[in-house]
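Okay, work_35.cif is below, mmCIF, C-alpha atoms and all ligand atoms:
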data_upload
#
loop_
_atom_site.group_PDB
_atom_site.id
_atom_site.type_symbol
_atom_site.label_atom_id
_atom_site.label_comp_id
_atom_site.auth_asym_id
_atom_site.auth_seq_id
_atom_site.Cartn_x
_atom_site.Cartn_y
_atom_site.Cartn_z
ATOM 1 C CA MET A 1 43.501 -26.794 5.489
ATOM 2 C CA THR A 2 41.697 -25.397 2.445
ATOM 3 C CA SER A 3 38.187 -24.162 2.943
ATOM 4 C CA PRO A 4 35.431 -26.063 1.127
ATOM 5 C CA VAL A 5 34.420 -24.614 -2.237
ATOM 6 C CA MET A 6 30.807 -23.568 -2.273
ATOM 7 C CA ILE A 7 29.111 -24.632 -5.485
ATOM 8 C CA LYS A 8 26.219 -22.327 -6.282
ATOM 9 C CA SER A 9 23.407 -23.888 -8.217
ATOM 10 C CA ALA A 10 21.547 -22.130 -11.033
ATOM 11 C CA ILE A 11 19.156 -19.358 -10.046
ATOM 12 C CA ASP A 12 15.782 -21.008 -9.772
ATOM 13 C CA SER A 13 13.357 -18.059 -9.617
ATOM 14 C CA VAL A 14 13.141 -14.327 -9.006
ATOM 15 C CA GLY A 15 12.640 -15.191 -5.334
ATOM 16 C CA GLU A 16 16.441 -14.988 -5.093
ATOM 17 C CA PHE A 17 16.390 -11.188 -5.376
ATOM 18 C CA SER A 18 16.824 -11.278 -1.597
ATOM 19 C CA SER A 19 20.420 -12.453 -2.020
ATOM 20 C CA VAL A 20 21.628 -11.345 -5.458
ATOM 21 C CA ASP A 21 25.339 -11.340 -4.577
ATOM 22 C CA MET A 22 25.204 -14.833 -3.135
ATOM 23 C CA THR A 23 23.897 -16.430 -6.325
ATOM 24 C CA ASN A 24 26.024 -17.958 -9.056
ATOM 25 C CA ASP A 25 25.267 -15.122 -11.473
ATOM 26 C CA PRO A 26 24.367 -11.725 -9.919
ATOM 27 C CA ARG A 27 24.291 -10.068 -13.336
ATOM 28 C CA TRP A 28 21.332 -12.275 -14.290
ATOM 29 C CA PHE A 29 19.230 -10.090 -11.962
ATOM 30 C CA ILE A 30 20.397 -6.919 -13.707
ATOM 31 C CA ASP A 31 19.319 -8.321 -17.093
ATOM 32 C CA PHE A 32 16.045 -9.475 -15.569
ATOM 33 C CA MET A 33 15.235 -6.029 -14.151
ATOM 34 C CA ASP A 34 16.266 -4.311 -17.398
ATOM 35 C CA ASN A 35 13.759 -6.509 -19.241
ATOM 36 C CA ALA A 36 11.039 -6.058 -16.618
ATOM 37 C CA ASN A 37 11.475 -2.288 -16.583
ATOM 38 C CA CYS A 38 10.788 -2.245 -20.353
ATOM 39 C CA LEU A 39 7.256 -3.617 -19.886
ATOM 40 C CA PRO A 40 4.709 -0.909 -20.689
ATOM 41 C CA ASP A 41 2.900 -1.384 -17.353
ATOM 42 C CA HIS A 42 6.093 -0.468 -15.486
ATOM 43 C CA GLU A 43 5.687 2.997 -16.984
ATOM 44 C CA ILE A 44 2.300 3.193 -15.270
ATOM 45 C CA ILE A 45 3.795 2.118 -11.935
ATOM 46 C CA ASN A 46 6.544 4.737 -12.251
ATOM 47 C CA GLN A 47 4.077 7.433 -13.159
ATOM 48 C CA ARG A 48 1.694 6.579 -10.319
ATOM 49 C CA LEU A 49 4.585 6.409 -7.829
ATOM 50 C CA VAL A 50 5.421 10.000 -8.714
ATOM 51 C CA GLU A 51 1.782 11.127 -8.655
ATOM 52 C CA VAL A 52 1.043 9.655 -5.214
ATOM 53 C CA MET A 53 4.163 11.320 -3.804
ATOM 54 C CA ALA A 54 3.029 14.809 -4.988
ATOM 55 C CA PRO A 55 3.657 17.713 -4.313
ATOM 56 C CA LEU A 56 6.910 17.910 -6.236
ATOM 57 C CA ASP A 57 8.913 20.024 -3.796
ATOM 58 C CA TYR A 58 11.030 17.212 -2.362
ATOM 59 C CA LYS A 59 14.577 18.108 -1.368
ATOM 60 C CA ARG A 60 15.821 14.727 -0.130
ATOM 61 C CA ILE A 61 14.453 11.390 -1.269
ATOM 62 C CA LEU A 62 15.387 7.854 -0.304
ATOM 63 C CA GLU A 63 15.025 5.122 -2.922
ATOM 64 C CA PHE A 64 15.133 1.879 -1.005
ATOM 65 C CA GLY A 65 16.258 -1.173 -3.034
ATOM 66 C CA CYS A 66 17.298 1.057 -5.940
ATOM 67 C CA GLY A 67 18.716 -1.747 -8.100
ATOM 68 C CA THR A 68 20.641 -0.235 -11.017
ATOM 69 C CA GLY A 69 19.308 3.231 -10.250
ATOM 70 C CA ASN A 70 16.940 3.580 -13.230
ATOM 71 C CA ASP A 71 14.236 5.299 -11.244
ATOM 72 C CA ILE A 72 16.651 7.673 -9.529
ATOM 73 C CA ARG A 73 18.053 8.931 -12.817
ATOM 74 C CA HIS A 74 14.470 9.621 -13.852
ATOM 75 C CA LEU A 75 13.563 11.267 -10.523
ATOM 76 C CA VAL A 76 16.233 13.974 -10.663
ATOM 77 C CA GLU A 77 14.563 15.188 -13.845
ATOM 78 C CA ILE A 78 11.085 15.179 -12.299
ATOM 79 C CA TYR A 79 11.849 16.867 -9.002
ATOM 80 C CA PRO A 80 13.256 20.318 -9.816
ATOM 81 C CA GLU A 81 13.792 21.183 -6.145
ATOM 82 C CA VAL A 82 15.680 18.030 -5.231
ATOM 83 C CA SER A 83 19.090 18.415 -3.623
ATOM 84 C CA GLU A 84 19.785 14.752 -2.893
ATOM 85 C CA ILE A 85 18.419 11.353 -3.891
ATOM 86 C CA VAL A 86 20.020 8.452 -2.105
ATOM 87 C CA GLY A 87 19.663 4.947 -3.470
ATOM 88 C CA ILE A 88 20.434 2.054 -1.188
ATOM 89 C CA ASP A 89 20.586 -1.585 -2.142
ATOM 90 C CA LEU A 90 21.690 -4.749 -0.392
ATOM 91 C CA SER A 91 23.573 -5.915 -3.454
ATOM 92 C CA GLU A 92 27.080 -4.645 -4.208
ATOM 93 C CA THR A 93 26.611 -5.764 -7.812
ATOM 94 C CA MET A 94 23.532 -3.534 -8.148
ATOM 95 C CA ILE A 95 25.264 -0.543 -6.532
ATOM 96 C CA SER A 96 28.333 -0.873 -8.710
ATOM 97 C CA GLU A 97 26.098 -1.100 -11.825
ATOM 98 C CA ALA A 98 24.071 1.899 -10.624
ATOM 99 C CA ASN A 99 27.280 3.944 -10.263
ATOM 100 C CA SER A 100 28.602 2.898 -13.650
ATOM 101 C CA ARG A 101 25.317 3.839 -15.359
ATOM 102 C CA THR A 102 25.077 7.260 -13.688
ATOM 103 C CA SER A 103 27.062 10.203 -14.947
ATOM 104 C CA ASN A 104 28.406 12.594 -12.345
ATOM 105 C CA ASP A 105 25.502 14.327 -10.658
ATOM 106 C CA SER A 106 26.098 15.735 -7.187
ATOM 107 C CA ARG A 107 22.416 15.169 -6.360
ATOM 108 C CA ILE A 108 22.646 11.373 -6.735
ATOM 109 C CA ARG A 109 24.319 9.006 -4.279
ATOM 110 C CA PHE A 110 24.259 5.211 -4.150
ATOM 111 C CA GLU A 111 25.107 3.210 -1.043
ATOM 112 C CA GLN A 112 25.256 -0.459 -0.347
ATOM 113 C CA GLY A 113 23.206 -1.297 2.725
ATOM 114 C CA ASP A 114 20.488 -3.395 4.253
ATOM 115 C CA GLY A 115 17.106 -1.736 4.408
ATOM 116 C CA LYS A 116 16.424 -3.076 7.846
ATOM 117 C CA GLN A 117 19.453 -1.275 9.335
ATOM 118 C CA LEU A 118 19.757 2.075 7.616
ATOM 119 C CA THR A 119 22.775 4.155 8.583
ATOM 120 C CA PHE A 120 20.924 7.493 8.252
ATOM 121 C CA GLY A 121 19.765 9.620 11.164
ATOM 122 C CA ASP A 122 16.100 10.114 12.079
ATOM 123 C CA ASN A 123 13.780 12.454 10.137
ATOM 124 C CA ILE A 124 16.130 13.434 7.311
ATOM 125 C CA PHE A 125 14.293 12.545 4.074
ATOM 126 C CA ASP A 126 11.231 14.346 2.706
ATOM 127 C CA GLY A 127 10.003 11.085 1.232
ATOM 128 C CA ALA A 128 10.965 7.463 0.645
ATOM 129 C CA ARG A 129 10.040 4.957 -2.030
ATOM 130 C CA ALA A 130 10.491 1.227 -2.516
ATOM 131 C CA LYS A 131 9.502 -0.432 -5.796
ATOM 132 C CA LEU A 132 9.465 -4.234 -5.941
ATOM 133 C CA VAL A 133 11.695 -4.498 -2.868
ATOM 134 C CA LEU A 134 9.806 -5.202 0.358
ATOM 135 C CA MET A 135 8.508 -8.445 -1.166
ATOM 136 C CA HIS A 136 12.151 -9.625 -1.241
ATOM 137 C CA CYS A 137 13.176 -8.434 2.246
ATOM 138 C CA ASP A 138 13.740 -10.985 4.952
ATOM 139 C CA ASP A 139 12.057 -8.721 7.535
ATOM 140 C CA ILE A 140 9.502 -6.343 6.000
ATOM 141 C CA ASP A 141 8.410 -4.870 9.319
ATOM 142 C CA ALA A 142 11.978 -3.946 10.260
ATOM 143 C CA ALA A 143 12.527 -2.384 6.822
ATOM 144 C CA LEU A 144 9.307 -0.378 7.052
ATOM 145 C CA ASP A 145 10.222 0.788 10.565
ATOM 146 C CA GLU A 146 13.506 2.058 9.162
ATOM 147 C CA LEU A 147 11.850 3.836 6.227
ATOM 148 C CA ILE A 148 9.495 5.562 8.649
ATOM 149 C CA ARG A 149 12.301 6.469 11.029
ATOM 150 C CA VAL A 150 14.400 8.257 8.391
ATOM 151 C CA VAL A 151 11.475 10.181 6.853
ATOM 152 C CA LYS A 152 10.414 13.540 8.341
ATOM 153 C CA THR A 153 7.017 13.997 9.969
ATOM 154 C CA ASN A 154 4.477 14.730 7.208
ATOM 155 C CA GLY A 155 6.792 13.034 4.694
ATOM 156 C CA LYS A 156 5.377 10.350 2.402
ATOM 157 C CA ILE A 157 6.349 6.723 1.964
ATOM 158 C CA ALA A 158 5.289 4.891 -1.194
ATOM 159 C CA VAL A 159 5.735 1.198 -1.876
ATOM 160 C CA TYR A 160 4.833 -0.982 -4.851
ATOM 161 C CA ASP A 161 4.959 -4.762 -4.483
ATOM 162 C CA HIS A 162 3.572 -7.704 -6.381
ATOM 163 C CA ASP A 163 1.531 -10.388 -4.742
ATOM 164 C CA PHE A 164 3.033 -13.699 -5.782
ATOM 165 C CA ASP A 165 -0.278 -15.563 -5.587
ATOM 166 C CA GLY A 166 -1.644 -12.939 -7.966
ATOM 167 C CA LEU A 167 0.175 -14.361 -10.949
ATOM 168 C CA ILE A 168 -2.477 -14.974 -13.615
ATOM 169 C CA ILE A 169 -1.657 -17.273 -16.513
ATOM 170 C CA ASP A 170 -4.106 -18.227 -19.243
ATOM 171 C CA HIS A 171 -3.475 -21.959 -19.778
ATOM 172 C CA PRO A 172 -5.975 -24.787 -20.409
ATOM 173 C CA ASN A 173 -4.471 -26.968 -17.661
ATOM 174 C CA LYS A 174 -5.980 -25.265 -14.613
ATOM 175 C CA ASN A 175 -4.711 -27.676 -11.957
ATOM 176 C CA LEU A 176 -1.123 -27.669 -13.147
ATOM 177 C CA THR A 177 -1.213 -23.886 -13.608
ATOM 178 C CA ARG A 178 -2.341 -23.521 -9.994
ATOM 179 C CA LYS A 179 0.438 -25.848 -8.833
ATOM 180 C CA ILE A 180 3.106 -23.995 -10.825
ATOM 181 C CA VAL A 181 1.925 -20.629 -9.467
ATOM 182 C CA ASN A 182 1.824 -21.994 -5.904
ATOM 183 C CA ASP A 183 5.330 -23.447 -6.179
ATOM 184 C CA PHE A 184 6.590 -20.140 -7.587
ATOM 185 C CA SER A 185 4.868 -18.177 -4.838
ATOM 186 C CA ASP A 186 6.263 -20.428 -2.109
ATOM 187 C CA LYS A 187 9.811 -19.634 -3.227
ATOM 188 C CA ALA A 188 9.315 -15.908 -2.582
ATOM 189 C CA LYS A 189 10.439 -14.402 0.721
ATOM 190 C CA ASN A 190 7.086 -12.622 1.176
ATOM 191 C CA SER A 191 4.601 -14.045 -1.261
ATOM 192 C CA TRP A 192 1.669 -12.002 0.101
ATOM 193 C CA SER A 193 3.549 -8.759 0.562
ATOM 194 C CA GLY A 194 1.382 -6.971 -2.015
ATOM 195 C CA ARG A 195 -1.990 -7.629 -0.403
ATOM 196 C CA GLN A 196 -0.579 -7.002 3.085
ATOM 197 C CA LEU A 197 0.903 -3.566 2.390
ATOM 198 C CA PHE A 198 -2.248 -1.590 3.198
ATOM 199 C CA SER A 199 -2.775 -3.101 6.662
ATOM 200 C CA ARG A 200 0.964 -3.078 7.310
ATOM 201 C CA PHE A 201 1.156 0.674 6.659
ATOM 202 C CA LEU A 202 -1.752 1.234 9.060
ATOM 203 C CA ARG A 203 -0.214 -1.027 11.696
ATOM 204 C CA HIS A 204 3.014 0.968 11.501
ATOM 205 C CA GLY A 205 1.117 4.146 12.332
ATOM 206 C CA LEU A 206 1.146 5.836 8.910
ATOM 207 C CA ILE A 207 -1.808 8.091 8.136
ATOM 208 C CA ASN A 208 -3.759 8.967 4.966
ATOM 209 C CA VAL A 209 -2.945 5.487 3.683
ATOM 210 C CA THR A 210 -4.292 4.662 0.225
ATOM 211 C CA VAL A 211 -3.960 1.554 -1.911
ATOM 212 C CA GLU A 212 -4.451 0.887 -5.601
ATOM 213 C CA SER A 213 -3.820 -2.171 -7.732
ATOM 214 C CA ILE A 214 -1.689 -2.069 -10.848
ATOM 215 C CA SER A 215 -1.115 -5.305 -12.692
ATOM 216 C CA VAL A 216 1.734 -5.896 -15.074
ATOM 217 C CA ASN A 217 1.103 -7.829 -18.273
ATOM 218 C CA LEU A 218 4.052 -10.121 -18.902
ATOM 219 C CA THR A 219 5.828 -11.411 -21.948
ATOM 220 C CA PHE A 220 6.389 -15.140 -22.346
ATOM 221 C CA ASP A 221 10.150 -14.753 -21.858
ATOM 222 C CA LEU A 222 9.786 -12.728 -18.677
ATOM 223 C CA LEU A 223 7.322 -15.234 -17.227
ATOM 224 C CA ARG A 224 9.782 -18.031 -18.009
ATOM 225 C CA PHE A 225 12.656 -16.177 -16.312
ATOM 226 C CA MET A 226 10.471 -15.348 -13.316
ATOM 227 C CA ILE A 227 9.381 -18.915 -12.729
ATOM 228 C CA LEU A 228 12.306 -20.980 -13.998
ATOM 229 C CA GLY A 229 15.220 -18.618 -13.440
ATOM 230 C CA GLN A 230 18.181 -20.191 -15.207
ATOM 231 C CA LYS A 231 16.778 -23.715 -15.106
ATOM 232 C CA ASP A 232 16.924 -25.659 -18.347
ATOM 233 C CA ILE A 233 13.440 -26.623 -19.482
ATOM 234 C CA ASN A 234 14.726 -30.175 -20.071
ATOM 235 C CA ASP A 235 15.549 -30.509 -16.372
ATOM 236 C CA ILE A 236 12.008 -29.974 -15.103
ATOM 237 C CA PRO A 237 9.344 -32.709 -14.749
ATOM 238 C CA LEU A 238 7.913 -33.815 -18.104
ATOM 239 C CA GLU A 239 4.382 -32.653 -17.249
ATOM 240 C CA GLU A 240 5.673 -29.129 -16.580
ATOM 241 C CA LYS A 241 7.831 -29.172 -19.690
ATOM 242 C CA LEU A 242 4.706 -29.934 -21.751
ATOM 243 C CA TRP A 243 2.881 -27.123 -19.911
ATOM 244 C CA TRP A 244 5.602 -24.679 -20.971
ATOM 245 C CA GLU A 245 5.562 -25.988 -24.549
ATOM 246 C CA GLU A 246 1.822 -25.350 -24.769
ATOM 247 C CA LEU A 247 2.358 -21.837 -23.487
ATOM 248 C CA ALA A 248 5.147 -21.303 -26.040
ATOM 249 C CA ALA A 249 2.736 -22.423 -28.771
ATOM 250 C CA PHE A 250 0.204 -19.784 -27.593
ATOM 251 C CA GLN A 251 2.989 -17.253 -27.727
ATOM 252 C CA LYS A 252 3.743 -18.214 -31.346
ATOM 253 C CA LYS A 253 0.036 -17.921 -32.226
ATOM 254 C CA GLY A 254 -0.127 -14.501 -30.582
ATOM 255 C CA CYS A 255 -2.620 -15.521 -27.877
ATOM 256 C CA PHE A 256 -0.288 -15.773 -24.846
ATOM 257 C CA PHE A 257 -1.558 -13.895 -21.796
ATOM 258 C CA ALA A 258 -0.105 -13.628 -18.293
ATOM 259 C CA SER A 259 -0.352 -10.836 -15.782
ATOM 260 C CA PHE A 260 1.089 -10.168 -12.323
ATOM 261 C CA ILE A 261 -1.010 -8.258 -9.808
ATOM 262 C CA GLY A 262 0.644 -5.655 -7.638
ATOM 263 C CA PHE A 263 -0.330 -2.942 -5.182
ATOM 264 C CA LEU A 264 0.822 0.622 -4.735
ATOM 265 C CA VAL A 265 0.440 1.913 -1.212
ATOM 266 C CA VAL A 266 1.255 5.388 0.046
ATOM 267 C CA GLY A 267 1.099 6.766 3.560
ATOM 268 C CA THR A 268 2.144 9.851 5.497
ATOM 269 C CA LYS A 269 4.300 9.820 8.643
HETATM 270 C C1 LIG B 301 13.257 -6.520 -8.027
HETATM 271 S S1 LIG B 301 14.634 -5.518 -7.682
HETATM 272 C C2 LIG B 301 13.941 -3.884 -7.845
HETATM 273 C C3 LIG B 301 14.967 -2.835 -8.135
HETATM 274 C C4 LIG B 301 14.416 -1.416 -8.417
HETATM 275 N N1 LIG B 301 13.613 -0.922 -7.328
HETATM 276 C C5 LIG B 301 13.633 -1.375 -9.703
HETATM 277 O O1 LIG B 301 12.403 -1.303 -9.650
HETATM 278 O O2 LIG B 301 14.260 -1.430 -10.768
HETATM 279 C C6 LIG B 301 14.795 -5.688 -5.907
HETATM 280 C C7 LIG B 301 16.030 -5.013 -5.350
HETATM 281 O O3 LIG B 301 15.926 -5.027 -3.910
HETATM 282 C C8 LIG B 301 17.218 -5.278 -3.378
HETATM 283 N N2 LIG B 301 17.050 -5.783 -1.992
HETATM 284 C C9 LIG B 301 16.564 -6.976 -1.587
HETATM 285 N N3 LIG B 301 16.561 -7.052 -0.235
HETATM 286 C C10 LIG B 301 17.049 -5.864 0.231
HETATM 287 C C11 LIG B 301 17.309 -5.328 1.524
HETATM 288 N N4 LIG B 301 17.056 -6.038 2.648
HETATM 289 N N5 LIG B 301 17.808 -4.079 1.626
HETATM 290 C C12 LIG B 301 18.084 -3.350 0.500
HETATM 291 N N6 LIG B 301 17.871 -3.814 -0.755
HETATM 292 C C13 LIG B 301 17.360 -5.042 -0.898
HETATM 293 C C14 LIG B 301 17.812 -6.275 -4.356
HETATM 294 O O4 LIG B 301 19.211 -6.339 -4.256
HETATM 295 C C15 LIG B 301 17.316 -5.729 -5.697
HETATM 296 O O5 LIG B 301 18.220 -4.816 -6.263
#

Go through the file and emit its structure as structure tokens.
Amino acid sequence: MTSPVMIKSAIDSVGEFSSVDMTNDPRWFIDFMDNANCLPDHEIINQRLVEVMAPLDYKRILEFGCGTGNDIRHLVEIYPEVSEIVGIDLSETMISEANSRTSNDSRIRFEQGDGKQLTFGDNIFDGARAKLVLMHCDDIDAALDELIRVVKTNGKIAVYDHDFDGLIIDHPNKNLTRKIVNDFSDKAKNSWSGRQLFSRFLRHGLINVTVESISVNLTFDLLRFMILGQKDINDIPLEEKLWWEELAAFQKKGCFFASFIGFLVVGTK
């Protein structure tokens, strides 16, 4: 008996970052992140992530949900003392891309793995970071427990996540905009992860916890990919299609504005 063929439908939002390899087109997520990482506000997030993790004498760092390893390649340059940066990611596609983009550097290692069941021993990293990852995890508390477990006492853990209800879009149709943002938010694994990070860190026993907000101004194309994924605009309800066309017209006139609120939280074990 032949096994049934599973037909994967088109990716229908960035909410599917929780299962990249199970989608019809895992490489779509690589392109998406490459585009997102080019946004100027991502520079600010990267810079603040480094600043909140100071001092710069880290020897071993864990980058949880490392994607294609962009940040790790940058980190080895920033941390002169570092002897090892390990990137883990649930997606084999991401890990294989991370390896192919990284030239031989004995300080960098990528591993495929689930953040809620890390294979590392206790207290081995000087610090751990997770950028835009916990919001996609199916069990944030388990993942945070693991991050805390593998970091040494006095080590720092820094996380940046968006808050999916904090997607701000300037559009004259307020009601439909609210509906579109709500529908988008409801597709995320953890739509309120951003706003919950501060209390979550405290609940997990971290100390010296601080929080700051950093919003990311979006381009029209990125907003479209975030909300519609690979969906054809002609396949969505007419009212929404017109909503997108109005937004595209603003884009043409140079008055498009959308921004995504996120929070950077750091705590000490
Ligand atoms: C939005 S991307 C961010 C990637 C990278 N941190 C960056 O900023 O470029 C989210 C990443 O988290 C990974 N991910 C999702 N759930 C995970 C889990 N439970 N454990 C490890 N990685 C996970 C995804 O495969 C994806 O590569």

| Could you list, as a PyMOL selection string, all the residues within 8 Å of ligand LIG 301 (chain B), counting all atoms listed in the file? | chain A and resi 14+17-21+29+33-34+37+63-71+88-91+94+112-116+130-134+136-139+143

Could you spell out the hits of the PyMOL selection byres (((chain A and resi 61) around 8) and not hetatm) on the shown file, as a tab-separated table (two decimals) with C-alpha atoms, keeping the file's coordinate frame?
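Dumped everything to result05.tsv:
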chain	number	residue	atom	x	y	z
A	58	TYR	CA	11.03	17.21	-2.36
A	59	LYS	CA	14.58	18.11	-1.37
A	60	ARG	CA	15.82	14.73	-0.13
A	62	LEU	CA	15.39	7.85	-0.30
A	63	GLU	CA	15.02	5.12	-2.92
A	82	VAL	CA	15.68	18.03	-5.23
A	84	GLU	CA	19.78	14.75	-2.89
A	85	ILE	CA	18.42	11.35	-3.89
A	86	VAL	CA	20.02	8.45	-2.10
A	125	PHE	CA	14.29	12.54	4.07
A	126	ASP	CA	11.23	14.35	2.71
A	127	GLY	CA	10.00	11.08	1.23
A	128	ALA	CA	10.96	7.46	0.64
A	129	ARG	CA	10.04	4.96	-2.03

| task | Could you jot down the atom CA of Ala142 of chain A to atom CA of Arg195 of chain A separation for me, Å, one decimal place? | result |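 Atom-to-atom, atom CA of Ala142 of chain A and atom CA of Arg195 of chain A are spaced 18.0 Å apart.
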
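Distances here use all atoms listed in the file; by that measure, the residue among A:Trp243, A:Thr93, A:Ala248, A:Gln47 closest to Pro172 of chain A is A:Trp243.
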
| Distance in Å - atom CA of Phe32 of chain A versus atom CA of Met226 of chain A | 8.4 Å

Please produce, as JSON lines, a per-residue contact table for segment 15-95 of chain A versus segment 202-221 of chain A (criterion: any atom at most 8 Å away, all atoms listed in the file considered), showing the nearest atom pair and its distance in Å to one decimal, sorted by chain then residue number.
{"residue": "A:Leu39", "atom": "CA", "partner": "A:Leu218", "partner_atom": "CA", "distance": 7.3}
{"residue": "A:Asp41", "atom": "CA", "partner": "A:Val216", "partner_atom": "CA", "distance": 5.2}
{"residue": "A:His42", "atom": "CA", "partner": "A:Val216", "partner_atom": "CA", "distance": 7.0}
{"residue": "A:Ile44", "atom": "CA", "partner": "A:Ile214", "partner_atom": "CA", "distance": 7.9}
{"residue": "A:Ile45", "atom": "CA", "partner": "A:Ile214", "partner_atom": "CA", "distance": 7.0}

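Among A:His171, A:Lys241, A:Arg200, A:Lys156, the residue with the shortest atom-to-atom distance to Pro55 of chain A, counting all atoms listed in the file, is A:Lys156.
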
| Selected residue, from A:Glu111, A:Asp163, A:Asp183, A:Asp12, that lies nearest to Glu92 of chain A when counting all atoms listed in the file |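 Of A:Glu111, A:Asp163, A:Asp183, A:Asp12, the one nearest Glu92 of chain A is A:Glu111, counting all atoms listed in the file.
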
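Using only C-alpha atoms for every distance, the candidate list A:Glu51, A:Gly121, A:Gly155, A:Pro26 yields A:Pro26 as the residue closest to Glu97 of chain A.
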
| message | From the options A:Val265, A:Asp105, A:Leu222, A:Glu146, which residue's atoms come nearest to Cys38 of chain A, counting only C-alpha atoms? | response |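 Ranking A:Val265, A:Asp105, A:Leu222, A:Glu146 by distance to Cys38 of chain A, first place goes to A:Leu222.
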
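Excluding Gly166 of chain A and any residue on its chain fewer than 6 positions from it, the residues at most 10 Å away by all atoms listed in the file are Val181, Asn182, Ser185, Ser191, Trp192, Gly194, Arg195, Ser215, Ser259, Phe260, Ile261 and Gly262 of chain A.
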
| query | Got a sec: who's within 7 Å of Phe256 of chain A, counting all atoms listed in the file, leaving out chain neighbours fewer than 3 positions off, as a PyMOL selection string? | reply | chain A and resi 247+250-251

Can you write just those residues out, C-alpha atoms, as an mmCIF file, in the coordinates of the input?
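The resulting selection_18.cif:
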data_model
loop_
_atom_site.group_PDB
_atom_site.id
_atom_site.type_symbol
_atom_site.label_atom_id
_atom_site.label_comp_id
_atom_site.auth_asym_id
_atom_site.auth_seq_id
_atom_site.Cartn_x
_atom_site.Cartn_y
_atom_site.Cartn_z
ATOM 1 C CA LEU A 247 2.358 -21.837 -23.487
ATOM 2 C CA PHE A 250 0.204 -19.784 -27.593
ATOM 3 C CA GLN A 251 2.989 -17.253 -27.727
#

| said: Can you measure atom CA of Ile30 of chain A to atom CA of Gln230 of chain A for me? One decimal in Å is fine. | reply: 13.5 Å

| Between A:Ser106, A:Asn234, A:Ser96, A:Asn46, which one has atoms that come closest to Ile78 of chain A, using only C-alpha atoms? | A:Asn46

| field | Evaluate the PyMOL selection byres (((chain A and resi 169) around 7) and not hetatm) and report residues as a PyMOL selection string | value | chain A and resi 167-168+170-171+257-259

| said: For this structure, which residues satisfy the selection - the PyMOL selection byres (((chain A and resi 154) around 6) and not hetatm) - when it is evaluated on the file as given? I want them as a list of chain:residue names. | reply: A:Thr153, A:Gly155, A:Thr268, A:Lys269

Go ahead and write the selection's residues with C-alpha atoms as a compact mmCIF listing (two decimals), in the frame of the given file.
# COMPACT_ATOMS: atom_id res chain seq x y z
CA THR A 153 7.02 14.00 9.97
CA GLY A 155 6.79 13.03 4.69
CA THR A 268 2.14 9.85 5.50
CA LYS A 269 4.30 9.82 8.64

| said: Distance cut-off 7 Å, centre (18.1, 4.3, 9.0) in file coordinates, counting only C-alpha atoms: which residues qualify? Return them as a ChimeraX atom specification. | reply: /A:117-122,146-147,149-150
